[in-house]
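Participant: Handing you this structure, nothing more for now.
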Amino acid sequence: MASPISLAGKVAIITGASSGIGAATSVLFSKLGAKLALSGRNADNLKETSDSCKECCQEEPLIVVGDVTAEGSRRDLIDRTVDKFGKIDILINNAGILTTGNIENTTLEAYDNIMDTNVRSVFHLTALAVPHLIQTKGSIVNLSSITGIKAFSGLLGYCLSKAAIDQMTRCVSLDLAPKGVRVNAINPGVIVTNLHKRGGLSEEAYATFLENCKASHPLGRPGDVEEVANTIAFLASDASSFITGVSLPIDGGRHNLCPR
């Protein structure tokens with residue numbers, strides 16, 4: 001059965017497209033007919049994502065290698081997308097990092113790094129894209145986290161950054177609603193990607209972490225990237241045309257749990 005969601009003719013920017021949720025979202029968007037501008041730091045991985053997209057659609061994605069924390073990279077992404085496709089319909093602010101630490105051991109350098117990557121880059125890239133999104137009455141989907149909704153020990157900087165994304169989503173949605181641009185966020189629980197291992201977990205610790213999801217998530221398991229990508233596609237598409245300013249958990253019910 002054909003998907004009720006279509007992105008045919010839409011031009012979408014996806015940051016962090018080289019792996020995990022970003023890569024899965026890129027492939028799904030390609031299947032749904034979108035024209036893609038894919039951003040990430042790893043050129044080889046971006047090429048793999050692009051090749052997977054081309055298997056679904058003949059339109060070759062635009063690959064823009066760069067770090068979202070660099071102002072020049074952000075401007076280059078917007079300019080090259082508009083130069084190639086003539087417009088921007090969708091912005092997916094997916095790129096982000098996870099670091100561990102609490103108030104006793106999180107350095108200012110670590111704090112600045114995670115806020116620069118997870119918040120400042122999203123703020124500026126959104127600001128750069130807004131004039132183009134107003135022209136197309138487009139949509140923005142920000143990647144937040146369950147940590148933006150619930151407090152967790154040992155993840156202070158990450159929790160702060162994702163709470164900021166949720167509030168940014170609400171504020172920007174009000175700013176842009178009169179101009180026909182929708183802004184939403186998703187809040188994944190534990191999703192099987194490399195994010196946590198890049199954040200410092202060993203293979204053994206990560207396996208234990210995933211096993212714990214049987215208890216920490218009411219549905220009894222972690223999520224997968226395709227489940228997140230499906231929700232991103234819904235919020236980015238006209239199928240959600242009367243939804244803006246939401247932070248939507250994709251967490252197997254974890255946000256409903258209280259300590260026991």
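Labels for the structure tokens follow display order: chains A, B, ..., residues from 1 in each chain, ligands from 1.
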Find the residues around A:Ile186 up to 8 Å (only C-alpha atoms counted), leave out those fewer than 5 positions away in its own chain, and share them as a ChimeraX atom specification.
Facilitator: /A:141-145,231-232,246-250
Participant: Please, could you write that set of residues out with all heavy atoms as a short mmCIF file (atom, residue, chain, number, x, y, z; two decimals), in the first residue's frame?
Facilitator:
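The file below, selection_24.cif, is the result:
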data_model
loop_
_atom_site.label_atom_id
_atom_site.label_comp_id
_atom_site.auth_asym_id
_atom_site.auth_seq_id
_atom_site.Cartn_x
_atom_site.Cartn_y
_atom_site.Cartn_z
N VAL A 141 11.79 20.53 11.37
CA VAL A 141 11.72 19.51 12.41
C VAL A 141 13.06 19.49 13.13
O VAL A 141 14.11 19.28 12.51
CB VAL A 141 11.41 18.11 11.85
CG1 VAL A 141 11.32 17.10 13.00
CG2 VAL A 141 10.10 18.12 11.07
N ASN A 142 13.03 19.74 14.43
CA ASN A 142 14.23 19.73 15.26
C ASN A 142 14.34 18.41 16.00
O ASN A 142 13.35 17.91 16.54
CB ASN A 142 14.18 20.88 16.27
CG ASN A 142 14.21 22.24 15.60
OD1 ASN A 142 14.90 22.43 14.60
ND2 ASN A 142 13.46 23.20 16.14
N LEU A 143 15.55 17.88 16.07
CA LEU A 143 15.80 16.65 16.81
C LEU A 143 16.15 17.00 18.25
O LEU A 143 17.24 17.48 18.54
CB LEU A 143 16.92 15.84 16.16
CG LEU A 143 16.52 14.84 15.08
CD1 LEU A 143 15.81 13.65 15.68
CD2 LEU A 143 15.68 15.50 14.01
N SER A 144 15.21 16.75 19.14
CA SER A 144 15.45 16.93 20.56
C SER A 144 15.69 15.55 21.17
O SER A 144 16.31 14.68 20.55
CB SER A 144 14.27 17.65 21.22
OG SER A 144 14.52 17.89 22.58
N SER A 145 15.19 15.31 22.35
CA SER A 145 15.41 14.05 23.05
C SER A 145 14.45 13.96 24.22
O SER A 145 13.92 14.97 24.69
CB SER A 145 16.86 13.99 23.57
OG SER A 145 17.03 12.96 24.53
N THR A 231 8.34 9.34 11.76
CA THR A 231 7.70 10.45 12.46
C THR A 231 8.20 11.79 11.94
O THR A 231 7.43 12.75 11.79
CB THR A 231 7.95 10.35 13.97
OG1 THR A 231 7.57 9.04 14.41
CG2 THR A 231 7.13 11.38 14.73
N ILE A 232 9.50 11.87 11.65
CA ILE A 232 10.05 13.10 11.06
C ILE A 232 9.36 13.40 9.73
O ILE A 232 8.99 14.54 9.46
CB ILE A 232 11.57 12.96 10.87
CG1 ILE A 232 12.28 12.87 12.23
CG2 ILE A 232 12.12 14.14 10.07
CD1 ILE A 232 13.76 12.53 12.13
N VAL A 246 4.97 21.52 18.59
CA VAL A 246 4.91 20.35 19.47
C VAL A 246 6.29 19.76 19.68
O VAL A 246 7.18 19.88 18.83
CB VAL A 246 3.96 19.25 18.94
CG1 VAL A 246 2.58 19.80 18.67
CG2 VAL A 246 4.53 18.60 17.69
N SER A 247 6.47 19.10 20.83
CA SER A 247 7.63 18.25 21.09
C SER A 247 7.08 16.84 21.28
O SER A 247 6.44 16.56 22.30
CB SER A 247 8.37 18.72 22.34
OG SER A 247 8.99 19.97 22.12
N LEU A 248 7.30 15.99 20.31
CA LEU A 248 6.63 14.69 20.25
C LEU A 248 7.56 13.57 20.68
O LEU A 248 8.55 13.27 20.01
CB LEU A 248 6.15 14.44 18.81
CG LEU A 248 5.42 13.12 18.56
CD1 LEU A 248 4.17 13.01 19.39
CD2 LEU A 248 5.10 12.98 17.07
N PRO A 249 7.26 12.91 21.82
CA PRO A 249 8.10 11.79 22.25
C PRO A 249 7.98 10.59 21.30
O PRO A 249 6.88 10.23 20.88
CB PRO A 249 7.54 11.44 23.63
CG PRO A 249 6.79 12.64 24.08
CD PRO A 249 6.23 13.23 22.82
N ILE A 250 9.11 10.00 20.98
CA ILE A 250 9.17 8.73 20.26
C ILE A 250 10.02 7.83 21.15
O ILE A 250 11.22 7.65 20.94
CB ILE A 250 9.82 8.89 18.87
CG1 ILE A 250 9.17 10.04 18.10
CG2 ILE A 250 9.70 7.59 18.07
CD1 ILE A 250 9.86 10.38 16.82
#
Participant: Which residues in stretch 141-252 of chain A does DSSP call helix (DSSP H, G or I)? List them as an MDAnalysis selection string.
Facilitator: chainID A and resid 146:148 156:179 195:198 203:216 225:236 238:240
Participant: So that I can check the surroundings of stretch 109-125 of chain A, please list as a PyMOL selection string every protein, DNA and RNA residue that reaches within 9 Å of it, counting only C-alpha atoms and ignoring chain neighbours fewer than 3 positions away.
Facilitator: chain A and resi 67-71+74-75+77-78+91+93-99+101+106+128-130+142+144+156-158+160-162+164-165+168
Participant: Using only C-alpha atoms, can you tell me which of A:Ser153, A:Ser18, A:Thr126, A:Ser26 comes closest to A:Glu48?
Facilitator: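 Under the stated criterion, the closest residue is A:Ser18.
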Participant: How many Å lie between atom CA of A:Thr25 and atom CA of A:Val190, rounded to one decimal?
Facilitator: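 If I compute the distance from atom CA of A:Thr25 to atom CA of A:Val190, I get 16.8 Å.
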Participant: Which residues come within 12 Å of A:His255, counting only C-alpha atoms, excluding same-chain residues fewer than 6 positions away, as a list of chain:residue names?
Facilitator: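 Residues meeting the cut-off are A:Ser145, A:Ile146, A:Thr147, A:Gly148, A:Ile149, A:Lys150, A:Ala151, A:Phe152, A:Asn187, A:Pro188, A:Gly189, A:Val190, A:Ser216, A:His217, A:Pro218, A:Leu219, A:Ser247, A:Leu248, A:Pro249.
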